[in-house]
Each structure stands twice: as C-alpha cells, then as structure tokens.
Amino acid sequence: MIQLVLEFQLEKPELPLEYERTIVSFLKAASNNYSQEMFERLYDKSKSIIKTFTYSVYLPGAVFDKDVIKLKETRFKIFFTDADMGQTIEWFNSILLWMKREQNIMPVKLIINYSSVYLVKDKSRVNVY
C-alpha cells in the first residue's frame, strides 16, 4: 500500500476542536472536483458505502483547550492510505487537482520517497521531483 502524507501549513498554530469535519470536507471537495463519479461512488447518501481508505492526523504538541487545539507548530499532517491501488491513484490526482485549483491558498511541493508521497506547502510554485 502507498501512504499519502499531506502536510498543511497554518496561519496560526491552532485548529478548531472539530477539525475532523474540515478534513472530511476537504476529502469530499477534492473528490468532487476531480470526478463526480468518484464522489458519488464514495459519498452517495442513498446507499451505505464501505470505504477502503483511512487516515490519521498528526498534531505536533497538541494542547486541547475549550475552544481550539493549540499546536507547537504552524502545520499538521494527514497520513492517508487506501487499500484499493486504483482509488489511491484517484485520490492522489484529486488532491493534486484541488491543490492546483486552490494554489493561491496552498501551493504544494511533491516529494516522492519510497512508498510515501509528501505534499508540502511551497509558496513559489508546484514542483514534481
């Protein structure tokens, strides 16, 4: 399996307590922008869908306050894995397309390292290594 590691740069070292909703919204937006068929295959509300992907989040130095999660750094990582290789490629493409469309918000630099793909903020341009 391939693991996608997405690193997000924040303006301030904090996240809302319900950051999971933001991550799910990001995944939905990325899949919908890439392919309506992919989005419906994964998120059709008319049927129960077992997903083959999972993710975890690394929040460096997280301190959970009443209203926010304060971090030690102004970035966090999402580790994303999908058991379906074809769907992994779709996710990879959908995330890249979303990042490209939102380039003014979060340009990326790709670093491919063995079985991992890292997406890291880079203010200058999109580089493929």
# chains A, B, ... in the order shown; residues from 1 in each chain; ligands from 1

call {"tool": "residues_around", "arguments": {"residues": "region 85-89 of chain A", "least_positions_apart": "3", "cutoff": "12 Å", "atoms": "only C-alpha atoms", "output": "list in words"}}
result
Met1, Ile2, Gln3, Leu4, Ser31, Tyr34, Ser35, Glu37, Met38, Phe39, Arg41, Leu42, Lys51, Thr52, Phe53, Thr54, Phe80, Thr81, Asp82, Phe92, Asn93, Ser94, Ile95, Leu96, Ser116 and Val117 of chain A

call {"tool": "closest_residue", "arguments": {"among": "A:Arg101, A:Lys47, A:Lys70, A:Arg75", "to": "Leu17 (chain A)", "atoms": "only C-alpha atoms"}}
result
A:Lys70

call {"tool": "residues_around", "arguments": {"residues": "Ile23 (chain A)", "least_positions_apart": "2", "cutoff": "12 Å", "atoms": "only C-alpha atoms", "output": "list of chain:residue names"}}
result
A:Leu6, A:Phe8, A:Leu15, A:Pro16, A:Glu18, A:Tyr19, A:Glu20, A:Arg21, A:Ser25, A:Phe26, A:Leu27, A:Lys28, A:Ala29, A:Ala30, A:Thr54, A:Tyr55, A:Ser56, A:Val57, A:Phe76, A:Lys77, A:Ile78, A:Phe79, A:Phe80

call {"tool": "write_last_selection", "arguments": {"atoms": "C-alpha atoms", "output": "PDB file, in the first residue's frame"}}
result
ATOM      1  CA  LEU A   6      -0.323  15.615   3.345  1.00  0.00           C
ATOM      2  CA  PHE A   8      -0.763  21.548   5.777  1.00  0.00           C
ATOM      3  CA  LEU A  15      -7.135  24.204  14.797  1.00  0.00           C
ATOM      4  CA  PRO A  16     -10.821  24.122  15.694  1.00  0.00           C
ATOM      5  CA  GLU A  18     -13.956  19.826  15.263  1.00  0.00           C
ATOM      6  CA  TYR A  19     -11.069  19.731  12.773  1.00  0.00           C
ATOM      7  CA  GLU A  20     -12.213  16.276  11.579  1.00  0.00           C
ATOM      8  CA  ARG A  21     -15.178  17.892   9.813  1.00  0.00           C
ATOM      9  CA  SER A  25     -14.950  18.394   3.780  1.00  0.00           C
ATOM     10  CA  PHE A  26     -11.516  18.647   2.174  1.00  0.00           C
ATOM     11  CA  LEU A  27     -11.673  14.999   1.028  1.00  0.00           C
ATOM     12  CA  LYS A  28     -15.199  15.463  -0.327  1.00  0.00           C
ATOM     13  CA  ALA A  29     -14.253  18.668  -2.162  1.00  0.00           C
ATOM     14  CA  ALA A  30     -11.128  17.077  -3.635  1.00  0.00           C
ATOM     15  CA  THR A  54      -8.432   5.559   6.185  1.00  0.00           C
ATOM     16  CA  TYR A  55      -6.455   8.479   7.551  1.00  0.00           C
ATOM     17  CA  SER A  56      -4.855   9.636  10.745  1.00  0.00           C
ATOM     18  CA  VAL A  57      -3.757  13.089  11.786  1.00  0.00           C
ATOM     19  CA  PHE A  76      -0.069  19.413  10.790  1.00  0.00           C
ATOM     20  CA  LYS A  77      -0.002  16.182   8.781  1.00  0.00           C
ATOM     21  CA  ILE A  78      -2.622  13.800   7.469  1.00  0.00           C
ATOM     22  CA  PHE A  79      -1.493  10.216   6.802  1.00  0.00           C
ATOM     23  CA  PHE A  80      -3.832   8.775   4.157  1.00  0.00           C
TER      24      PHE A  80
END

call {"tool": "atom_distance", "arguments": {"atom1": "CA of Lys12 (chain A)", "atom2": "CA of Pro60 (chain A)"}}
result
13.2 Å

call {"tool": "closest_residue", "arguments": {"among": "A:Ala83, A:Glu90, A:Leu97, A:Val24", "to": "Ile50 (chain A)", "atoms": "only C-alpha atoms"}}
result
A:Ala83
